[in-house]
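File shown here: query23.cif, holding mmCIF, C-alpha atoms and all ligand atoms.
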```
data_model
#
loop_
_atom_site.label_atom_id
_atom_site.label_comp_id
_atom_site.auth_asym_id
_atom_site.auth_seq_id
_atom_site.Cartn_x
_atom_site.Cartn_y
_atom_site.Cartn_z
CA MET E 1181 131.24 71.74 113.74
CA GLU E 1182 129.11 74.41 115.43
CA ASP E 1183 126.52 76.10 113.19
CA GLN E 1184 127.46 79.80 113.40
CA PHE E 1185 124.18 80.67 111.71
CA SER E 1186 122.07 78.93 114.37
CA LEU E 1187 119.62 81.09 116.35
CA ASP E 1188 118.89 78.29 118.84
CA GLY E 1189 117.81 79.63 122.21
CA LYS E 1190 117.67 83.25 121.01
CA THR E 1191 114.63 85.54 121.24
CA ALA E 1192 113.86 88.03 118.47
CA ILE E 1193 111.41 90.89 117.99
CA VAL E 1194 110.45 91.50 114.35
CA THR E 1195 108.39 94.66 113.90
CA GLY E 1196 105.87 94.60 111.05
CA GLY E 1197 106.01 90.79 111.04
CA SER E 1198 102.41 90.07 110.03
CA ARG E 1199 103.18 89.95 106.30
CA GLY E 1200 105.77 90.62 103.61
CA ILE E 1201 109.47 90.89 104.40
CA GLY E 1202 108.93 90.84 108.20
CA TYR E 1203 106.93 87.62 107.98
CA ALA E 1204 109.64 85.98 105.83
CA ILE E 1205 112.32 87.03 108.33
CA ALA E 1206 110.29 85.68 111.27
CA ALA E 1207 109.83 82.36 109.42
CA ALA E 1208 113.57 82.08 108.71
CA PHE E 1209 114.46 82.89 112.34
CA ILE E 1210 112.05 80.23 113.61
CA GLN E 1211 113.58 77.71 111.20
CA LYS E 1212 117.00 78.53 112.70
CA GLY E 1213 115.69 77.87 116.23
CA ALA E 1214 114.66 81.32 117.54
CA ARG E 1215 111.59 82.32 119.53
CA VAL E 1216 110.01 85.26 117.69
CA ILE E 1217 107.68 88.06 118.74
CA ILE E 1218 106.10 89.73 115.71
CA THR E 1219 104.38 93.12 115.95
CA ALA E 1220 101.94 95.06 113.73
CA ARG E 1221 98.86 97.25 114.12
CA GLY E 1222 96.24 94.96 112.52
CA GLU E 1223 95.41 92.36 115.15
CA THR E 1224 93.60 89.78 113.02
CA ALA E 1225 96.38 89.46 110.45
CA LEU E 1226 98.95 89.49 113.26
CA LEU E 1227 97.36 86.61 115.16
CA GLU E 1228 96.86 84.61 111.96
CA ALA E 1229 100.51 85.15 111.04
CA ALA E 1230 101.72 84.13 114.52
CA SER E 1231 99.62 80.99 114.43
CA SER E 1232 100.82 80.02 110.93
CA LEU E 1233 104.44 80.59 112.00
CA GLY E 1234 104.02 77.99 114.75
CA GLY E 1235 104.46 77.40 118.46
CA THR E 1236 107.51 79.56 119.13
CA CYS E 1237 105.93 82.69 117.62
CA ILE E 1238 103.83 85.26 119.49
CA GLY E 1239 102.02 88.27 117.98
CA LYS E 1240 101.84 91.55 119.90
CA ARG E 1241 99.88 94.54 118.66
CA CYS E 1242 102.02 97.67 118.44
CA ASP E 1243 101.95 100.95 116.54
CA ASN E 1244 105.52 101.95 115.69
CA ALA E 1245 104.40 105.57 115.36
CA ASP E 1246 103.76 105.65 119.11
CA PRO E 1247 106.85 105.55 121.38
CA ALA E 1248 104.68 104.68 124.43
CA ASP E 1249 103.27 101.66 122.60
CA ILE E 1250 106.81 100.58 121.67
CA ALA E 1251 107.91 100.84 125.32
CA ARG E 1252 104.92 98.74 126.42
CA VAL E 1253 105.61 95.97 123.90
CA VAL E 1254 109.33 95.81 124.66
CA GLU E 1255 108.54 95.51 128.37
CA GLU E 1256 106.01 92.73 127.70
CA ALA E 1257 108.47 90.94 125.43
CA TRP E 1258 111.24 91.17 128.01
CA ARG E 1259 108.97 89.64 130.65
CA LEU E 1260 108.61 86.59 128.39
CA SER E 1261 112.34 86.41 127.67
CA PRO E 1262 115.26 88.84 127.33
CA VAL E 1263 115.65 89.86 123.70
CA ASP E 1264 118.78 88.95 121.69
CA ILE E 1265 117.73 90.24 118.25
CA LEU E 1266 115.64 93.21 117.11
CA VAL E 1267 114.58 93.59 113.48
CA ASN E 1268 113.28 97.08 112.75
CA ASN E 1269 111.21 96.17 109.72
CA ALA E 1270 107.88 98.05 110.09
CA GLY E 1271 107.78 100.69 107.40
CA ILE E 1272 105.29 102.55 105.22
CA SER E 1273 105.16 104.62 102.09
CA PRO E 1274 101.44 105.23 101.77
CA PHE E 1275 101.62 107.37 98.61
CA TYR E 1276 103.56 107.90 95.39
CA LYS E 1277 103.62 111.68 94.98
CA ARG E 1278 105.94 114.27 93.63
CA ALA E 1279 107.84 116.03 96.43
CA GLU E 1280 105.86 119.28 96.11
CA GLN E 1281 102.53 117.44 96.60
CA VAL E 1282 103.27 115.92 100.02
CA THR E 1283 101.38 117.46 102.98
CA PRO E 1284 102.93 118.08 106.41
CA ALA E 1285 100.64 115.40 107.91
CA GLU E 1286 101.77 112.81 105.34
CA PHE E 1287 105.40 113.76 105.93
CA ASP E 1288 105.01 113.32 109.70
CA GLU E 1289 103.28 109.94 109.33
CA VAL E 1290 106.09 108.40 107.27
CA VAL E 1291 108.83 109.86 109.46
CA SER E 1292 107.16 108.75 112.69
CA VAL E 1293 106.72 105.11 111.62
CA ASN E 1294 109.93 104.58 109.65
CA LEU E 1295 112.55 106.74 111.33
CA ARG E 1296 111.28 107.59 114.80
CA GLY E 1297 109.87 104.05 115.23
CA THR E 1298 113.23 102.50 114.32
CA TYR E 1299 115.02 104.89 116.68
CA PHE E 1300 112.86 104.27 119.74
CA CYS E 1301 112.54 100.48 119.27
CA SER E 1302 116.33 100.36 119.16
CA VAL E 1303 116.74 102.55 122.24
CA GLU E 1304 114.09 100.66 124.26
CA VAL E 1305 115.67 97.27 123.59
CA ALA E 1306 119.29 98.46 123.83
CA ASN E 1307 118.71 100.10 127.25
CA ARG E 1308 117.50 96.79 128.63
CA SER E 1309 120.46 94.94 127.07
CA PHE E 1310 122.88 97.46 128.60
CA ALA E 1311 121.27 97.07 132.04
CA GLU E 1312 121.72 93.27 131.90
CA GLN E 1313 125.05 93.41 130.00
CA ARG E 1314 123.56 91.17 127.32
CA PRO E 1315 124.71 91.14 123.71
CA LEU E 1316 122.17 92.38 121.15
CA SER E 1317 121.98 92.35 117.36
CA ILE E 1318 119.82 95.03 115.73
CA VAL E 1319 118.96 94.57 112.05
CA ASN E 1320 117.35 97.60 110.43
CA ILE E 1321 115.44 97.26 107.18
CA GLY E 1322 116.41 100.21 105.00
CA SER E 1323 115.99 100.37 101.23
CA VAL E 1324 117.96 101.01 98.07
CA GLY E 1325 115.84 104.20 98.14
CA GLY E 1326 117.95 105.33 101.11
CA THR E 1327 121.06 105.41 98.92
CA THR E 1328 119.82 106.45 95.50
CA PRO E 1329 116.87 108.76 94.73
CA LEU E 1330 113.73 107.05 93.45
CA GLU E 1331 110.92 109.11 91.96
CA ARG E 1332 107.76 109.97 93.94
CA VAL E 1333 109.03 108.61 97.26
CA ALA E 1334 111.18 111.52 98.48
CA VAL E 1335 110.01 111.36 102.11
CA TYR E 1336 110.29 107.58 102.25
CA GLY E 1337 113.79 107.76 100.76
CA ALA E 1338 114.80 110.40 103.29
CA THR E 1339 113.66 108.19 106.18
CA LYS E 1340 115.64 105.27 104.75
CA ALA E 1341 118.74 107.45 104.31
CA GLY E 1342 118.20 108.46 107.94
CA ILE E 1343 118.06 104.78 108.93
CA ASN E 1344 121.41 104.25 107.18
CA LEU E 1345 123.04 106.94 109.31
CA LEU E 1346 121.22 105.82 112.49
CA THR E 1347 122.65 102.36 111.83
CA LYS E 1348 126.20 103.68 111.67
CA SER E 1349 125.78 106.14 114.57
CA MET E 1350 124.27 103.56 116.94
CA ALA E 1351 126.80 100.93 115.81
CA LEU E 1352 129.60 103.34 116.70
CA GLU E 1353 128.15 104.41 120.05
CA TRP E 1354 127.20 100.90 121.17
CA ALA E 1355 130.07 98.75 119.85
CA ASP E 1356 131.83 98.70 123.22
CA ARG E 1357 128.69 97.40 124.91
CA ASN E 1358 128.30 94.36 122.66
CA VAL E 1359 125.37 95.78 120.69
CA ARG E 1360 125.77 95.34 116.93
CA VAL E 1361 123.67 97.44 114.56
CA ASN E 1362 123.44 96.64 110.85
CA CYS E 1363 121.08 97.42 108.01
CA ILE E 1364 119.73 95.50 105.03
CA ALA E 1365 118.86 97.63 102.00
CA PRO E 1366 116.36 95.58 100.00
CA GLY E 1367 115.69 96.32 96.38
CA TRP E 1368 112.15 96.10 94.97
CA THR E 1369 110.51 93.12 96.69
CA GLU E 1370 107.20 91.38 95.93
CA THR E 1371 104.89 92.13 98.89
CA GLU E 1372 101.53 93.86 99.49
CA PHE E 1373 103.53 97.09 99.78
CA THR E 1374 104.46 96.91 96.09
CA ASP E 1375 101.64 94.78 94.56
CA GLU E 1376 99.88 97.70 92.94
CA LEU E 1377 103.07 99.41 91.78
CA PHE E 1378 104.48 96.27 90.13
CA ALA E 1379 101.13 95.65 88.37
CA SER E 1380 101.03 99.24 87.08
CA ARG E 1381 102.65 100.63 83.95
CA TRP E 1382 105.80 101.26 86.03
CA GLY E 1383 106.30 97.55 86.83
CA ASP E 1384 108.20 96.53 83.68
CA LYS E 1385 110.44 99.59 83.88
CA LEU E 1386 111.32 98.87 87.54
CA ARG E 1387 112.09 95.22 86.74
CA GLY E 1388 114.14 96.28 83.74
CA ASP E 1389 116.39 98.41 86.00
CA ILE E 1390 117.41 95.34 88.04
CA PRO E 1391 120.56 93.69 86.64
CA MET E 1392 119.36 90.23 87.81
CA GLY E 1393 116.10 90.84 85.91
CA ARG E 1394 113.61 89.94 88.67
CA PHE E 1395 112.06 91.42 91.81
CA ALA E 1396 113.18 90.05 95.19
CA THR E 1397 111.07 87.73 97.34
CA GLY E 1398 110.85 87.89 101.13
CA GLN E 1399 113.09 84.83 101.24
CA ASP E 1400 115.83 86.67 99.35
CA ILE E 1401 115.90 89.22 102.18
CA SER E 1402 115.54 86.78 105.10
CA GLY E 1403 118.87 85.00 104.48
CA ALA E 1404 120.75 88.25 104.98
CA ALA E 1405 118.77 88.88 108.18
CA VAL E 1406 119.71 85.44 109.57
CA PHE E 1407 123.38 86.17 108.83
CA LEU E 1408 123.38 89.60 110.49
CA ALA E 1409 121.38 88.39 113.51
CA SER E 1410 123.57 85.33 114.11
CA ASP E 1411 127.02 84.76 115.61
CA ALA E 1412 128.33 84.34 112.04
CA ALA E 1413 128.27 88.17 111.94
CA GLN E 1414 129.71 88.67 115.43
CA TYR E 1415 132.42 91.06 114.13
CA VAL E 1416 130.09 92.92 111.72
CA THR E 1417 128.60 96.23 112.84
CA GLY E 1418 127.59 99.44 111.07
CA ALA E 1419 127.19 97.65 107.71
CA ILE E 1420 124.59 98.55 105.09
CA LEU E 1421 124.05 95.38 103.05
CA PRO E 1422 122.24 95.82 99.72
CA VAL E 1423 120.09 92.81 98.80
CA ASP E 1424 118.90 94.15 95.50
CA GLY E 1425 119.80 91.92 92.54
CA GLY E 1426 122.48 94.47 91.64
CA ARG E 1427 120.10 97.47 91.44
CA LEU E 1428 122.53 99.87 93.14
CA LEU E 1429 125.23 99.03 90.59
CA ARG E 1430 123.24 100.99 88.01
P1 LIG E 1501 104.21 95.33 103.86
O1 LIG E 1501 103.93 94.09 103.11
O2 LIG E 1501 103.33 96.50 103.69
O3 LIG E 1501 104.29 94.96 105.42
C1 LIG E 1501 104.49 95.97 106.36
C2 LIG E 1501 104.38 95.40 107.77
O4 LIG E 1501 104.59 96.49 108.69
C3 LIG E 1501 103.00 94.84 108.07
O5 LIG E 1501 103.14 93.80 109.01
C4 LIG E 1501 102.27 96.03 108.71
O6 LIG E 1501 101.18 95.61 109.51
C5 LIG E 1501 103.43 96.62 109.54
N1 LIG E 1501 103.24 98.03 109.86
C6 LIG E 1501 102.93 99.07 109.03
N2 LIG E 1501 102.81 100.20 109.73
C7 LIG E 1501 103.07 99.88 111.03
C8 LIG E 1501 103.10 100.63 112.24
N3 LIG E 1501 102.80 101.93 112.29
N4 LIG E 1501 103.41 99.97 113.39
C9 LIG E 1501 103.68 98.65 113.39
N5 LIG E 1501 103.66 97.89 112.28
C10 LIG E 1501 103.36 98.51 111.12
O7 LIG E 1501 105.69 95.88 103.55
P2 LIG E 1501 107.04 95.12 103.11
O8 LIG E 1501 107.20 95.28 101.65
O9 LIG E 1501 107.12 93.78 103.72
O10 LIG E 1501 108.10 96.12 103.77
C11 LIG E 1501 108.75 95.81 104.99
C12 LIG E 1501 109.94 96.75 105.14
O11 LIG E 1501 110.81 96.59 104.01
C13 LIG E 1501 109.57 98.24 105.18
O12 LIG E 1501 110.40 98.90 106.10
C14 LIG E 1501 109.86 98.71 103.77
O13 LIG E 1501 110.18 100.07 103.71
C15 LIG E 1501 111.08 97.85 103.44
N6 LIG E 1501 111.33 97.71 102.01
C16 LIG E 1501 110.40 97.15 101.18
C17 LIG E 1501 110.67 97.03 99.83
C18 LIG E 1501 109.70 96.42 98.85
O14 LIG E 1501 109.94 96.57 97.63
N7 LIG E 1501 108.66 95.73 99.31
C19 LIG E 1501 111.90 97.50 99.32
C20 LIG E 1501 112.81 98.08 100.20
C21 LIG E 1501 112.52 98.17 101.54
P3 LIG E 1501 99.97 96.63 109.87
O15 LIG E 1501 99.65 97.41 108.62
O16 LIG E 1501 98.86 95.73 110.32
O17 LIG E 1501 100.46 97.48 110.97
#
```
As structure tokens, what does this structure read like?
Amino acid sequence: MEDQFSLDGKTAIVTGGSRGIGYAIAAAFIQKGARVIITARGETALLEAASSLGGTCIGKRCDNADPADIARVVEEAWRLSPVDILVNNAGISPFYKRAEQVTPAEFDEVVSVNLRGTYFCSVEVANRSFAEQRPLSIVNIGSVGGTTPLERVAVYGATKAGINLLTKSMALEWADRNVRVNCIAPGWTETEFTDELFASRWGDKLRGDIPMGRFATGQDISGAAVFLASDAAQYVTGAILPVDGGRLLR
């Protein structure tokens, strides 16, 4: 019987793929047969990641805060191979501050990487898919923080709530052109992004709020990404899938 979860012959872009959740997703896609282009700003880590992921992975430097850079990378990727899957994973939350302490520059930085970056990566790839009448699966990486308020990450949470609605809006507008758009909402996941936070005095409290009693790993998130990217999800669009050990149930 055909493996509906196979990604054989497909090409994927995973933004922010040099470490953490993006790296785990790229690894899972490669295992399922995909060619993967990972992007990030830091070139050394990017090239090391691409080389450790193996022969079908290429690293391309890209700053998601810069729409012109996004357009360049999508064009370069397309020249290698038309893209079947886009994972909008690059995301930042460079500070834990109360809402009233955030500066306009900090606000703009988070919005431009997380929300505007997700928007314009999606548009760049989707426009090329439309032109060639190719199917496309977009998987956005949101957060439980886009559904429920978490303390000291108001701007981050707002960008993730924005990604939830972008997911549904683009899914609705693009459904008749064979472009599916879905979103994974990870709970707290062990990566460099959260290292310091989990090791701090908040760590035990955050873990204690998770019904399954442990933080996620990148691998916990990557299985959901394989599902949404693959033909197994061919009738799924506009979904927000929590992968959070039950965190949103509380
Ligand atoms: P991470 O370990 O910090 O990795 C982030 C990746 O994004 C890196 O490859 C980083 O490389 C890249 N990146 C950052 N800024 C970028 C930019 N401007 N342009 C292009 N690439 C950029 O983070 P993570 O924990 O894996 O998080 C990945 C995604 O999951 C994010 O969207 C995050 O919001 C979401 N998420 C994480 C958690 C969690 O608990 N870890 C929970 C929910 C959702 P460079 O720095 O070299 O650019």
*May I have the residues within 6 Å of stretch 1387-1402 of chain E as a PyMOL selection string, using only C-alpha atoms and disregarding those fewer than 3 positions away in the same chain?*
chain E and resi 1201+1204-1205+1368-1370+1384+1405+1425-1427
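Considering all atoms listed in the file, the residue among E:Gly1403, E:Pro1284, E:Gly1326, E:Gly1418 positioned nearest to E:Phe1209 is E:Gly1403.
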*Write out as a VMD selection string the residues lying within 12 Å of E:Leu1345, counting all atoms listed in the file and excluding same-chain residues fewer than 6 positions away.*
chain E and resid 1295 1298 to 1299 1320 1322 1326 to 1327 1338 to 1339 1351 to 1352 1361 to 1363 1418 to 1420
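Using only C-alpha atoms and all ligand atoms for every distance, the candidate list E:Ala1229, E:Cys1242, E:Leu1377, E:Val1216 yields E:Cys1242 as the residue closest to ligand LIG 1501 (chain E).
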Could you list, with a cut-off of 8 Å and counting all atoms listed in the file, the residues of chain E near ligand LIG 1501 (chain E), each shown with its nearest atom pair and the distance in Å rounded to one decimal, rows sorted by chain and ascending number, as CSV?
```
residue,atom,partner,partner_atom,distance
E:Thr1195,CA,E:LIG1501,N5,6.0
E:Gly1196,CA,E:LIG1501,O4,3.3
E:Gly1197,CA,E:LIG1501,O5,4.6
E:Ser1198,CA,E:LIG1501,O5,3.9
E:Arg1199,CA,E:LIG1501,O5,4.7
E:Gly1200,CA,E:LIG1501,O9,3.4
E:Ile1201,CA,E:LIG1501,O9,3.8
E:Gly1202,CA,E:LIG1501,O9,5.7
E:Tyr1203,CA,E:LIG1501,O5,7.3
E:Thr1219,CA,E:LIG1501,N5,6.1
E:Ala1220,CA,E:LIG1501,N5,3.6
E:Arg1221,CA,E:LIG1501,O17,3.5
E:Gly1222,CA,E:LIG1501,O16,3.5
E:Glu1223,CA,E:LIG1501,O16,6.8
E:Ala1225,CA,E:LIG1501,O16,6.7
E:Leu1226,CA,E:LIG1501,O16,6.9
E:Arg1241,CA,E:LIG1501,C9,7.7
E:Cys1242,CA,E:LIG1501,C9,5.4
E:Asp1243,CA,E:LIG1501,N4,3.6
E:Asn1244,CA,E:LIG1501,N4,3.7
E:Ala1245,CA,E:LIG1501,N3,5.0
E:Asp1246,CA,E:LIG1501,N3,7.8
E:Asn1268,CA,E:LIG1501,O12,7.5
E:Asn1269,CA,E:LIG1501,O12,4.6
E:Ala1270,CA,E:LIG1501,O4,3.9
E:Gly1271,CA,E:LIG1501,O12,3.4
E:Ile1272,CA,E:LIG1501,N2,5.7
E:Ser1273,CA,E:LIG1501,O13,7.0
E:Val1293,CA,E:LIG1501,N3,5.1
E:Asn1294,CA,E:LIG1501,O12,6.7
E:Gly1297,CA,E:LIG1501,N4,7.9
E:Ile1321,CA,E:LIG1501,O12,5.4
E:Gly1322,CA,E:LIG1501,C21,5.6
E:Ser1323,CA,E:LIG1501,C20,4.1
E:Val1324,CA,E:LIG1501,C20,6.3
E:Gly1325,CA,E:LIG1501,C20,7.1
E:Tyr1336,CA,E:LIG1501,O13,7.7
E:Lys1340,CA,E:LIG1501,O13,7.6
E:Ala1365,CA,E:LIG1501,C20,6.3
E:Pro1366,CA,E:LIG1501,C20,4.3
E:Gly1367,CA,E:LIG1501,C19,4.9
E:Trp1368,CA,E:LIG1501,O14,3.5
E:Thr1369,CA,E:LIG1501,O14,3.6
E:Glu1370,CA,E:LIG1501,N7,5.7
E:Thr1371,CA,E:LIG1501,O1,4.8
E:Glu1372,CA,E:LIG1501,O1,4.3
E:Phe1373,CA,E:LIG1501,O2,4.0
E:Thr1374,CA,E:LIG1501,N7,5.4
E:Ala1396,CA,E:LIG1501,O14,7.7
E:Gly1398,CA,E:LIG1501,O9,7.4
```
*Would you kindly identify which residues have an atom no farther than 12 Å from (118.3, 96.5, 127.0), using all atoms listed in the file and the file's own coordinates, and write them out as number ranges by chain?*
E: 1251, 1254-1255, 1257-1258, 1261-1266, 1300-1318, 1354, 1357-1359
_Let me make sure I understand: among E:Thr1191, E:Thr1328, E:Gln1184, E:Asn1344, which one has the smallest atom-to-atom distance to E:Gln1414 if we use all atoms listed in the file?_
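Counting all atoms listed in the file, the residue closest to E:Gln1414 is E:Gln1184.
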Where atoms are lacking, stretch 1202-1221 of chain E completed to N, CA and C atoms, as an mmCIF file, in the coordinates of the input:
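Below you can see part-v8.cif, which holds the result:
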```
data_model
loop_
_atom_site.group_PDB
_atom_site.id
_atom_site.type_symbol
_atom_site.label_atom_id
_atom_site.label_comp_id
_atom_site.auth_asym_id
_atom_site.auth_seq_id
_atom_site.Cartn_x
_atom_site.Cartn_y
_atom_site.Cartn_z
ATOM 1 N N GLY E 1202 108.858 91.158 106.762
ATOM 2 C CA GLY E 1202 108.930 90.840 108.200
ATOM 3 C C GLY E 1202 108.490 89.417 108.471
ATOM 4 N N TYR E 1203 107.437 88.996 107.810
ATOM 5 C CA TYR E 1203 106.930 87.620 107.980
ATOM 6 C C TYR E 1203 107.996 86.618 107.516
ATOM 7 N N ALA E 1204 108.613 86.893 106.365
ATOM 8 C CA ALA E 1204 109.640 85.980 105.830
ATOM 9 C C ALA E 1204 110.835 85.899 106.778
ATOM 10 N N ILE E 1205 111.199 87.024 107.379
ATOM 11 C CA ILE E 1205 112.320 87.030 108.330
ATOM 12 C C ILE E 1205 111.944 86.224 109.582
ATOM 13 N N ALA E 1206 110.726 86.431 110.083
ATOM 14 C CA ALA E 1206 110.290 85.680 111.270
ATOM 15 C C ALA E 1206 110.321 84.177 110.976
ATOM 16 N N ALA E 1207 109.853 83.788 109.781
ATOM 17 C CA ALA E 1207 109.830 82.360 109.420
ATOM 18 C C ALA E 1207 111.251 81.789 109.370
ATOM 19 N N ALA E 1208 112.179 82.555 108.805
ATOM 20 C CA ALA E 1208 113.570 82.080 108.710
ATOM 21 C C ALA E 1208 114.200 81.972 110.098
ATOM 22 N N PHE E 1209 113.910 82.934 110.969
ATOM 23 C CA PHE E 1209 114.460 82.890 112.340
ATOM 24 C C PHE E 1209 113.947 81.652 113.081
ATOM 25 N N ILE E 1210 112.640 81.384 112.918
ATOM 26 C CA ILE E 1210 112.050 80.230 113.610
ATOM 27 C C ILE E 1210 112.707 78.940 113.096
ATOM 28 N N GLN E 1211 112.935 78.891 111.784
ATOM 29 C CA GLN E 1211 113.580 77.710 111.200
ATOM 30 C C GLN E 1211 114.991 77.514 111.780
ATOM 31 N N LYS E 1212 115.647 78.621 112.134
ATOM 32 C CA LYS E 1212 117.000 78.530 112.700
ATOM 33 C C LYS E 1212 116.971 78.392 114.224
ATOM 34 N N GLY E 1213 115.773 78.213 114.810
ATOM 35 C CA GLY E 1213 115.690 77.870 116.230
ATOM 36 C C GLY E 1213 115.291 78.986 117.174
ATOM 37 N N ALA E 1214 114.980 80.193 116.643
ATOM 38 C CA ALA E 1214 114.660 81.320 117.540
ATOM 39 C C ALA E 1214 113.188 81.304 117.973
ATOM 40 N N ARG E 1215 112.947 81.931 119.143
ATOM 41 C CA ARG E 1215 111.590 82.320 119.530
ATOM 42 C C ARG E 1215 111.369 83.708 118.946
ATOM 43 N N VAL E 1216 110.193 83.966 118.363
ATOM 44 C CA VAL E 1216 110.010 85.260 117.690
ATOM 45 C C VAL E 1216 108.726 85.940 118.158
ATOM 46 N N ILE E 1217 108.849 87.221 118.459
ATOM 47 C CA ILE E 1217 107.680 88.060 118.740
ATOM 48 C C ILE E 1217 107.502 88.972 117.537
ATOM 49 N N ILE E 1218 106.367 88.843 116.849
ATOM 50 C CA ILE E 1218 106.100 89.730 115.710
ATOM 51 C C ILE E 1218 105.131 90.822 116.174
ATOM 52 N N THR E 1219 105.288 92.017 115.615
ATOM 53 C CA THR E 1219 104.380 93.120 115.950
ATOM 54 C C THR E 1219 103.775 93.687 114.668
ATOM 55 N N ALA E 1220 102.624 94.332 114.823
ATOM 56 C CA ALA E 1220 101.940 95.060 113.730
ATOM 57 C C ALA E 1220 100.743 95.750 114.365
ATOM 58 N N ARG E 1221 100.046 96.594 113.574
ATOM 59 C CA ARG E 1221 98.860 97.250 114.120
ATOM 60 C C ARG E 1221 97.619 96.372 113.959
#
```
